[in-house]
file input.pdb (PDB, C-alpha atoms, pLDDT in the B column)
ATOM      1  CA  MET A  26       0.000   0.000   0.000  1.00 49.00           C
ATOM      2  CA  ASN A  27       1.341   3.403  -0.970  1.00 57.00           C
ATOM      3  CA  PRO A  28       1.191   6.110   1.686  1.00 61.00           C
ATOM      4  CA  VAL A  29      -1.324   8.828   0.949  1.00 65.00           C
ATOM      5  CA  ASN A  30      -0.068  12.376   0.668  1.00 74.00           C
ATOM      6  CA  LEU A  31      -3.080  14.447   1.726  1.00 79.00           C
ATOM      7  CA  GLY A  32      -1.638  17.569   0.144  1.00 81.00           C
ATOM      8  CA  THR A  33      -1.311  15.833  -3.217  1.00 83.00           C
ATOM      9  CA  PHE A  34      -4.789  14.376  -2.885  1.00 87.00           C
ATOM     10  CA  GLY A  35      -6.212  17.801  -2.016  1.00 88.00           C
ATOM     11  CA  VAL A  36      -4.559  19.506  -4.982  1.00 88.00           C
ATOM     12  CA  MET A  37      -5.613  16.812  -7.462  1.00 90.00           C
ATOM     13  CA  PHE A  38      -9.152  16.662  -6.071  1.00 93.00           C
ATOM     14  CA  ALA A  39      -9.479  20.453  -6.217  1.00 94.00           C
ATOM     15  CA  MET A  40      -8.224  20.405  -9.818  1.00 93.00           C
ATOM     16  CA  ASP A  41     -10.798  17.724 -10.653  1.00 95.00           C
ATOM     17  CA  LEU A  42     -13.634  19.658  -8.970  1.00 95.00           C
ATOM     18  CA  VAL A  43     -12.773  22.856 -10.828  1.00 96.00           C
ATOM     19  CA  ALA A  44     -12.556  20.987 -14.139  1.00 95.00           C
ATOM     20  CA  ILE A  45     -15.889  19.169 -13.734  1.00 95.00           C
ATOM     21  CA  ALA A  46     -17.575  22.372 -12.523  1.00 95.00           C
ATOM     22  CA  LEU A  47     -16.397  24.167 -15.664  1.00 94.00           C
ATOM     23  CA  VAL A  48     -17.583  21.318 -17.874  1.00 94.00           C
ATOM     24  CA  ALA A  49     -20.858  20.405 -16.147  1.00 93.00           C
ATOM     25  CA  TYR A  50     -22.073  23.850 -15.143  1.00 93.00           C
ATOM     26  CA  GLY A  51     -20.027  26.305 -17.178  1.00 91.00           C
ATOM     27  CA  LEU A  52     -20.506  24.512 -20.482  1.00 91.00           C
ATOM     28  CA  TYR A  53     -23.176  21.811 -20.424  1.00 91.00           C
ATOM     29  CA  PHE A  54     -25.842  23.252 -18.109  1.00 91.00           C
ATOM     30  CA  ARG A  55     -25.617  26.778 -19.501  1.00 88.00           C
ATOM     31  CA  ARG A  56     -26.000  25.509 -23.081  1.00 87.00           C
ATOM     32  CA  HIS A  57     -28.384  22.580 -22.662  1.00 87.00           C
ATOM     33  CA  ALA A  58     -30.220  23.407 -19.370  1.00 85.00           C
ATOM     34  CA  ARG A  59     -30.675  19.844 -18.076  1.00 84.00           C
ATOM     35  CA  ARG A  60     -30.279  19.921 -14.315  1.00 86.00           C
ATOM     36  CA  ASP A  61     -30.510  16.125 -14.004  1.00 84.00           C
ATOM     37  CA  LEU A  62     -27.446  15.613 -16.187  1.00 85.00           C
ATOM     38  CA  LEU A  63     -25.579  18.384 -14.378  1.00 86.00           C
ATOM     39  CA  ALA A  64     -25.794  16.260 -11.232  1.00 88.00           C
ATOM     40  CA  THR A  65     -25.106  13.033 -13.141  1.00 86.00           C
ATOM     41  CA  PHE A  66     -21.881  14.294 -14.719  1.00 90.00           C
ATOM     42  CA  THR A  67     -20.628  15.772 -11.448  1.00 91.00           C
ATOM     43  CA  VAL A  68     -21.408  12.761  -9.269  1.00 89.00           C
ATOM     44  CA  PHE A  69     -20.069  10.352 -11.892  1.00 86.00           C
ATOM     45  CA  ASN A  70     -16.811  12.305 -12.086  1.00 90.00           C
ATOM     46  CA  VAL A  71     -16.303  12.594  -8.327  1.00 92.00           C
ATOM     47  CA  GLY A  72     -17.210   8.951  -7.705  1.00 87.00           C
ATOM     48  CA  LEU A  73     -14.838   7.728 -10.391  1.00 85.00           C
ATOM     49  CA  PHE A  74     -12.087  10.024  -9.093  1.00 89.00           C
ATOM     50  CA  LEU A  75     -12.432   8.563  -5.597  1.00 86.00           C
ATOM     51  CA  VAL A  76     -12.496   4.964  -6.837  1.00 81.00           C
ATOM     52  CA  LEU A  77      -9.427   5.529  -8.984  1.00 82.00           C
ATOM     53  CA  THR A  78      -7.686   7.170  -6.035  1.00 82.00           C
ATOM     54  CA  VAL A  79      -8.271   4.070  -3.940  1.00 78.00           C
ATOM     55  CA  LEU A  80      -7.098   1.836  -6.792  1.00 76.00           C
ATOM     56  CA  SER A  81      -3.911   3.876  -7.237  1.00 75.00           C
ATOM     57  CA  VAL A  82      -3.113   3.935  -3.509  1.00 73.00           C
ATOM     58  CA  ARG A  83      -3.923   0.296  -2.758  1.00 71.00           C
ATOM     59  CA  GLN A  84      -2.376  -2.538  -4.703  1.00 66.00           C
ATOM     60  CA  ALA A  85      -5.533  -3.722  -6.465  1.00 63.00           C
ATOM     61  CA  GLY A  86      -5.535  -6.404  -9.107  1.00 62.00           C
ATOM     62  CA  ILE A  87      -6.701  -6.060 -12.677  1.00 63.00           C
ATOM     63  CA  GLY A  88      -9.933  -7.826 -11.711  1.00 68.00           C
ATOM     64  CA  VAL A  89     -10.981  -4.811  -9.659  1.00 67.00           C
ATOM     65  CA  GLY A  90     -10.596  -2.575 -12.714  1.00 65.00           C
ATOM     66  CA  PHE A  91     -12.627  -4.932 -14.886  1.00 68.00           C
ATOM     67  CA  GLY A  92     -15.283  -5.108 -12.174  1.00 71.00           C
ATOM     68  CA  LEU A  93     -15.468  -1.311 -12.066  1.00 67.00           C
ATOM     69  CA  PHE A  94     -16.057  -1.044 -15.793  1.00 66.00           C
ATOM     70  CA  ALA A  95     -18.595  -3.881 -15.669  1.00 69.00           C
ATOM     71  CA  ILE A  96     -20.569  -1.923 -13.080  1.00 68.00           C
ATOM     72  CA  LEU A  97     -20.360   1.220 -15.228  1.00 65.00           C
ATOM     73  CA  SER A  98     -21.625  -0.762 -18.235  1.00 63.00           C
ATOM     74  CA  ILE A  99     -24.610  -2.051 -16.290  1.00 64.00           C
ATOM     75  CA  ILE A 100     -25.453   1.465 -15.154  1.00 61.00           C
ATOM     76  CA  ARG A 101     -25.193   2.684 -18.754  1.00 57.00           C
ATOM     77  CA  ILE A 102     -27.469  -0.060 -20.063  1.00 49.00           C
ATOM     78  CA  ARG A 103     -30.145   0.595 -17.448  1.00 55.00           C
ATOM     79  CA  SER A 104     -30.169   4.380 -17.771  1.00 59.00           C
ATOM     80  CA  ASP A 105     -32.219   6.591 -20.076  1.00 65.00           C
ATOM     81  CA  GLU A 106     -30.973   7.049 -23.589  1.00 70.00           C
ATOM     82  CA  PHE A 107     -28.333   9.758 -23.951  1.00 71.00           C
ATOM     83  CA  SER A 108     -27.920  11.918 -27.010  1.00 78.00           C
ATOM     84  CA  ASN A 109     -24.509  11.920 -28.654  1.00 78.00           C
ATOM     85  CA  THR A 110     -23.696  15.256 -27.021  1.00 82.00           C
ATOM     86  CA  GLU A 111     -24.669  13.991 -23.577  1.00 84.00           C
ATOM     87  CA  LEU A 112     -22.611  10.855 -24.109  1.00 81.00           C
ATOM     88  CA  ALA A 113     -19.622  13.010 -25.052  1.00 84.00           C
ATOM     89  CA  TYR A 114     -19.994  15.034 -21.850  1.00 89.00           C
ATOM     90  CA  CYS A 115     -20.284  11.813 -19.825  1.00 86.00           C
ATOM     91  CA  PHE A 116     -17.109  10.514 -21.462  1.00 86.00           C
ATOM     92  CA  LEU A 117     -15.356  13.811 -20.698  1.00 90.00           C
ATOM     93  CA  ALA A 118     -16.419  13.554 -17.029  1.00 90.00           C
ATOM     94  CA  MET A 119     -14.823  10.114 -16.958  1.00 87.00           C
ATOM     95  CA  VAL A 120     -11.643  11.295 -18.705  1.00 88.00           C
ATOM     96  CA  LEU A 121     -11.202  14.200 -16.278  1.00 91.00           C
ATOM     97  CA  ALA A 122     -11.546  11.861 -13.298  1.00 90.00           C
ATOM     98  CA  VAL A 123      -8.951   9.474 -14.719  1.00 86.00           C
ATOM     99  CA  VAL A 124      -6.486  12.233 -15.645  1.00 88.00           C
ATOM    100  CA  ASN A 125      -6.752  13.895 -12.242  1.00 89.00           C
ATOM    101  CA  ALA A 126      -6.786  10.756 -10.074  1.00 86.00           C
ATOM    102  CA  LEU A 127      -3.700   9.101 -11.545  1.00 80.00           C
ATOM    103  CA  GLY A 128      -1.311  11.509  -9.821  1.00 74.00           C
ATOM    104  CA  VAL A 129      -2.674  10.910  -6.325  1.00 76.00           C
ATOM    105  CA  GLY A 130      -0.682   7.704  -5.767  1.00 69.00           C
ATOM    106  CA  ARG A 131       2.660   9.408  -6.437  1.00 69.00           C
ATOM    107  CA  ASN A 132       4.344  10.790  -3.390  1.00 67.00           C
ATOM    108  CA  PRO A 133       5.217  13.679  -3.743  1.00 68.00           C
ATOM    109  CA  VAL A 134       3.968  14.942  -7.082  1.00 69.00           C
ATOM    110  CA  ALA A 135       6.378  17.099  -9.052  1.00 77.00           C
ATOM    111  CA  VAL A 136       5.336  20.548 -10.226  1.00 81.00           C
ATOM    112  CA  ALA A 137       5.858  19.391 -13.819  1.00 82.00           C
ATOM    113  CA  ASP A 138       3.316  16.593 -13.285  1.00 83.00           C
ATOM    114  CA  LEU A 139       0.781  19.046 -11.857  1.00 86.00           C
ATOM    115  CA  THR A 140       1.372  21.426 -14.759  1.00 89.00           C
ATOM    116  CA  PHE A 141       0.925  18.623 -17.275  1.00 90.00           C
ATOM    117  CA  THR A 142      -2.307  17.493 -15.589  1.00 90.00           C
ATOM    118  CA  LEU A 143      -3.583  21.064 -15.598  1.00 92.00           C
ATOM    119  CA  MET A 144      -2.737  21.380 -19.308  1.00 94.00           C
ATOM    120  CA  LEU A 145      -4.633  18.146 -20.064  1.00 93.00           C
ATOM    121  CA  ASN A 146      -7.661  19.466 -18.167  1.00 94.00           C
ATOM    122  CA  LEU A 147      -7.567  22.786 -19.991  1.00 95.00           C
ATOM    123  CA  ALA A 148      -7.135  21.100 -23.379  1.00 95.00           C
ATOM    124  CA  ALA A 149     -10.147  18.831 -22.810  1.00 93.00           C
ATOM    125  CA  ILE A 150     -12.321  21.714 -21.602  1.00 94.00           C
ATOM    126  CA  LEU A 151     -11.245  23.963 -24.473  1.00 94.00           C
ATOM    127  CA  VAL A 152     -12.017  21.311 -27.095  1.00 93.00           C
ATOM    128  CA  VAL A 153     -15.504  20.760 -25.677  1.00 92.00           C
ATOM    129  CA  ALA A 154     -16.123  24.497 -25.394  1.00 91.00           C
ATOM    130  CA  VAL A 155     -15.254  24.992 -29.054  1.00 91.00           C
ATOM    131  CA  MET A 156     -16.963  21.883 -30.451  1.00 89.00           C
ATOM    132  CA  ASP A 157     -20.229  22.459 -28.548  1.00 87.00           C
ATOM    133  CA  SER A 158     -20.326  26.196 -29.179  1.00 81.00           C
ATOM    134  CA  ARG A 159     -23.352  27.847 -30.699  1.00 75.00           C
ATOM    135  CA  SER A 160     -21.246  29.430 -33.414  1.00 75.00           C
ATOM    136  CA  LEU A 161     -20.342  25.992 -34.825  1.00 66.00           C
ATOM    137  CA  SER A 162     -23.917  24.732 -34.719  1.00 61.00           C
ATOM    138  CA  ARG A 163     -25.503  27.872 -36.159  1.00 65.00           C
ATOM    139  CA  GLY A 164     -27.672  27.039 -39.133  1.00 62.00           C
ATOM    140  CA  THR A 165     -28.184  23.412 -38.177  1.00 63.00           C
ATOM    141  CA  GLY A 166     -31.163  21.925 -36.447  1.00 64.00           C
ATOM    142  CA  ARG A 167     -32.765  18.696 -35.461  1.00 66.00           C
ATOM    143  CA  ARG A 168     -36.390  17.709 -35.117  1.00 73.00           C
ATOM    144  CA  GLN A 169     -37.923  14.589 -33.743  1.00 72.00           C
ATOM    145  CA  ILE A 170     -41.374  13.690 -35.008  1.00 75.00           C
ATOM    146  CA  THR A 171     -43.474  11.148 -33.161  1.00 78.00           C
ATOM    147  CA  LEU A 172     -46.427   9.713 -35.008  1.00 75.00           C
ATOM    148  CA  ASP A 173     -49.424   8.712 -32.905  1.00 79.00           C
ATOM    149  CA  THR A 174     -51.032   6.715 -35.653  1.00 75.00           C
ATOM    150  CA  ILE A 175     -49.897   5.275 -38.939  1.00 71.00           C
ATOM    151  CA  HIS A 176     -52.336   5.379 -41.872  1.00 67.00           C
TER
END
call {"tool": "encode", "arguments": {"input": "input.pdb", "output": "C-alpha coordinates"}}
result
Amino acid sequence: MNPVNLGTFGVMFAMDLVAIALVAYGLYFRRHARRDLLATFTVFNVGLFLVLTVLSVRQAGIGVGFGLFAILSIIRIRSDEFSNTELAYCFLAMVLAVVNALGVGRNPVAVADLTFTLMLNLAAILVVAVMDSRSLSRGTGRRQITLDTIH
(Lines of atoms letter the chains of each structure in order from A and count residues from 1; the text may use other names and numbers.)
(Lines give C-alpha, C1' and ligand atoms only; values in the text may rest on other atoms or scores of the structure.)
Protein backbone atom coordinates (compact mmCIF):
# COMPACT_ATOMS: atom_id res chain seq x y z
CA MET A 1 0.00 0.00 0.00
CA ASN A 2 1.34 3.40 -0.97
CA PRO A 3 1.19 6.11 1.69
CA VAL A 4 -1.32 8.83 0.95
CA ASN A 5 -0.07 12.38 0.67
CA LEU A 6 -3.08 14.45 1.73
CA GLY A 7 -1.64 17.57 0.14
CA THR A 8 -1.31 15.83 -3.22
CA PHE A 9 -4.79 14.38 -2.89
CA GLY A 10 -6.21 17.80 -2.02
CA VAL A 11 -4.56 19.51 -4.98
CA MET A 12 -5.61 16.81 -7.46
CA PHE A 13 -9.15 16.66 -6.07
CA ALA A 14 -9.48 20.45 -6.22
CA MET A 15 -8.22 20.40 -9.82
CA ASP A 16 -10.80 17.72 -10.65
CA LEU A 17 -13.63 19.66 -8.97
CA VAL A 18 -12.77 22.86 -10.83
CA ALA A 19 -12.56 20.99 -14.14
CA ILE A 20 -15.89 19.17 -13.73
CA ALA A 21 -17.57 22.37 -12.52
CA LEU A 22 -16.40 24.17 -15.66
CA VAL A 23 -17.58 21.32 -17.87
CA ALA A 24 -20.86 20.40 -16.15
CA TYR A 25 -22.07 23.85 -15.14
CA GLY A 26 -20.03 26.31 -17.18
CA LEU A 27 -20.51 24.51 -20.48
CA TYR A 28 -23.18 21.81 -20.42
CA PHE A 29 -25.84 23.25 -18.11
CA ARG A 30 -25.62 26.78 -19.50
CA ARG A 31 -26.00 25.51 -23.08
CA HIS A 32 -28.38 22.58 -22.66
CA ALA A 33 -30.22 23.41 -19.37
CA ARG A 34 -30.68 19.84 -18.08
CA ARG A 35 -30.28 19.92 -14.31
CA ASP A 36 -30.51 16.12 -14.00
CA LEU A 37 -27.45 15.61 -16.19
CA LEU A 38 -25.58 18.38 -14.38
CA ALA A 39 -25.79 16.26 -11.23
CA THR A 40 -25.11 13.03 -13.14
CA PHE A 41 -21.88 14.29 -14.72
CA THR A 42 -20.63 15.77 -11.45
CA VAL A 43 -21.41 12.76 -9.27
CA PHE A 44 -20.07 10.35 -11.89
CA ASN A 45 -16.81 12.30 -12.09
CA VAL A 46 -16.30 12.59 -8.33
CA GLY A 47 -17.21 8.95 -7.71
CA LEU A 48 -14.84 7.73 -10.39
CA PHE A 49 -12.09 10.02 -9.09
CA LEU A 50 -12.43 8.56 -5.60
CA VAL A 51 -12.50 4.96 -6.84
CA LEU A 52 -9.43 5.53 -8.98
CA THR A 53 -7.69 7.17 -6.04
CA VAL A 54 -8.27 4.07 -3.94
CA LEU A 55 -7.10 1.84 -6.79
CA SER A 56 -3.91 3.88 -7.24
CA VAL A 57 -3.11 3.93 -3.51
CA ARG A 58 -3.92 0.30 -2.76
CA GLN A 59 -2.38 -2.54 -4.70
CA ALA A 60 -5.53 -3.72 -6.47
CA GLY A 61 -5.53 -6.40 -9.11
CA ILE A 62 -6.70 -6.06 -12.68
CA GLY A 63 -9.93 -7.83 -11.71
CA VAL A 64 -10.98 -4.81 -9.66
CA GLY A 65 -10.60 -2.57 -12.71
CA PHE A 66 -12.63 -4.93 -14.89
CA GLY A 67 -15.28 -5.11 -12.17
CA LEU A 68 -15.47 -1.31 -12.07
CA PHE A 69 -16.06 -1.04 -15.79
CA ALA A 70 -18.59 -3.88 -15.67
CA ILE A 71 -20.57 -1.92 -13.08
CA LEU A 72 -20.36 1.22 -15.23
CA SER A 73 -21.63 -0.76 -18.24
CA ILE A 74 -24.61 -2.05 -16.29
CA ILE A 75 -25.45 1.46 -15.15
CA ARG A 76 -25.19 2.68 -18.75
CA ILE A 77 -27.47 -0.06 -20.06
CA ARG A 78 -30.15 0.59 -17.45
CA SER A 79 -30.17 4.38 -17.77
CA ASP A 80 -32.22 6.59 -20.08
CA GLU A 81 -30.97 7.05 -23.59
CA PHE A 82 -28.33 9.76 -23.95
CA SER A 83 -27.92 11.92 -27.01
CA ASN A 84 -24.51 11.92 -28.65
CA THR A 85 -23.70 15.26 -27.02
CA GLU A 86 -24.67 13.99 -23.58
CA LEU A 87 -22.61 10.86 -24.11
CA ALA A 88 -19.62 13.01 -25.05
CA TYR A 89 -19.99 15.03 -21.85
CA CYS A 90 -20.28 11.81 -19.83
CA PHE A 91 -17.11 10.51 -21.46
CA LEU A 92 -15.36 13.81 -20.70
CA ALA A 93 -16.42 13.55 -17.03
CA MET A 94 -14.82 10.11 -16.96
CA VAL A 95 -11.64 11.29 -18.70
CA LEU A 96 -11.20 14.20 -16.28
CA ALA A 97 -11.55 11.86 -13.30
CA VAL A 98 -8.95 9.47 -14.72
CA VAL A 99 -6.49 12.23 -15.65
CA ASN A 100 -6.75 13.90 -12.24
CA ALA A 101 -6.79 10.76 -10.07
CA LEU A 102 -3.70 9.10 -11.54
CA GLY A 103 -1.31 11.51 -9.82
CA VAL A 104 -2.67 10.91 -6.33
CA GLY A 105 -0.68 7.70 -5.77
CA ARG A 106 2.66 9.41 -6.44
CA ASN A 107 4.34 10.79 -3.39
CA PRO A 108 5.22 13.68 -3.74
CA VAL A 109 3.97 14.94 -7.08
CA ALA A 110 6.38 17.10 -9.05
CA VAL A 111 5.34 20.55 -10.23
CA ALA A 112 5.86 19.39 -13.82
CA ASP A 113 3.32 16.59 -13.29
CA LEU A 114 0.78 19.05 -11.86
CA THR A 115 1.37 21.43 -14.76
CA PHE A 116 0.93 18.62 -17.28
CA THR A 117 -2.31 17.49 -15.59
CA LEU A 118 -3.58 21.06 -15.60
CA MET A 119 -2.74 21.38 -19.31
CA LEU A 120 -4.63 18.15 -20.06
CA ASN A 121 -7.66 19.47 -18.17
CA LEU A 122 -7.57 22.79 -19.99
CA ALA A 123 -7.14 21.10 -23.38
CA ALA A 124 -10.15 18.83 -22.81
CA ILE A 125 -12.32 21.71 -21.60
CA LEU A 126 -11.25 23.96 -24.47
CA VAL A 127 -12.02 21.31 -27.09
CA VAL A 128 -15.50 20.76 -25.68
CA ALA A 129 -16.12 24.50 -25.39
CA VAL A 130 -15.25 24.99 -29.05
CA MET A 131 -16.96 21.88 -30.45
CA ASP A 132 -20.23 22.46 -28.55
CA SER A 133 -20.33 26.20 -29.18
CA ARG A 134 -23.35 27.85 -30.70
CA SER A 135 -21.25 29.43 -33.41
CA LEU A 136 -20.34 25.99 -34.82
CA SER A 137 -23.92 24.73 -34.72
CA ARG A 138 -25.50 27.87 -36.16
CA GLY A 139 -27.67 27.04 -39.13
CA THR A 140 -28.18 23.41 -38.18
CA GLY A 141 -31.16 21.92 -36.45
CA ARG A 142 -32.77 18.70 -35.46
CA ARG A 143 -36.39 17.71 -35.12
CA GLN A 144 -37.92 14.59 -33.74
CA ILE A 145 -41.37 13.69 -35.01
CA THR A 146 -43.47 11.15 -33.16
CA LEU A 147 -46.43 9.71 -35.01
CA ASP A 148 -49.42 8.71 -32.91
CA THR A 149 -51.03 6.71 -35.65
CA ILE A 150 -49.90 5.28 -38.94
CA HIS A 151 -52.34 5.38 -41.87
call {"tool": "resolve_selection", "arguments": {"input": "input.pdb", "expression": "the PyMOL selection byres ((chain A and resi 110) around 12)", "output": "ChimeraX atom specification"}}
result
/A:52-53,56-57,62,106-109,111-117,153,156-158
call {"tool": "closest_residue", "arguments": {"input": "input.pdb", "among": "A:Gly72, A:Arg60, A:Val129, A:Leu121", "to": "Gly32 of chain A", "atoms": "only C-alpha atoms"}}
result
A:Val129
call {"tool": "atom_distance", "arguments": {"input": "input.pdb", "atom1": "atom CA of Thr140 of chain A", "atom2": "atom CA of Phe54 of chain A"}}
result
27.5 Å
call {"tool": "atom_distance", "arguments": {"input": "input.pdb", "atom1": "atom CA of Leu73 of chain A", "atom2": "atom CA of Gly92 of chain A"}}
result
13.0 Å
call {"tool": "atom_distance", "arguments": {"input": "input.pdb", "atom1": "atom CA of Met37 of chain A", "atom2": "atom CA of Gly128 of chain A"}}
result
7.2 Å
call {"tool": "axis_aligned_box", "arguments": {"input": "input.pdb", "around": "segment 150-158 of chain A", "padding_each_side": "6 Å", "output": "AutoDock Vina command-line options"}}
result
--center_x -15.8 --center_y 23.5 --center_z -26.0 --size_x 21.1 --size_y 17.4 --size_z 20.8
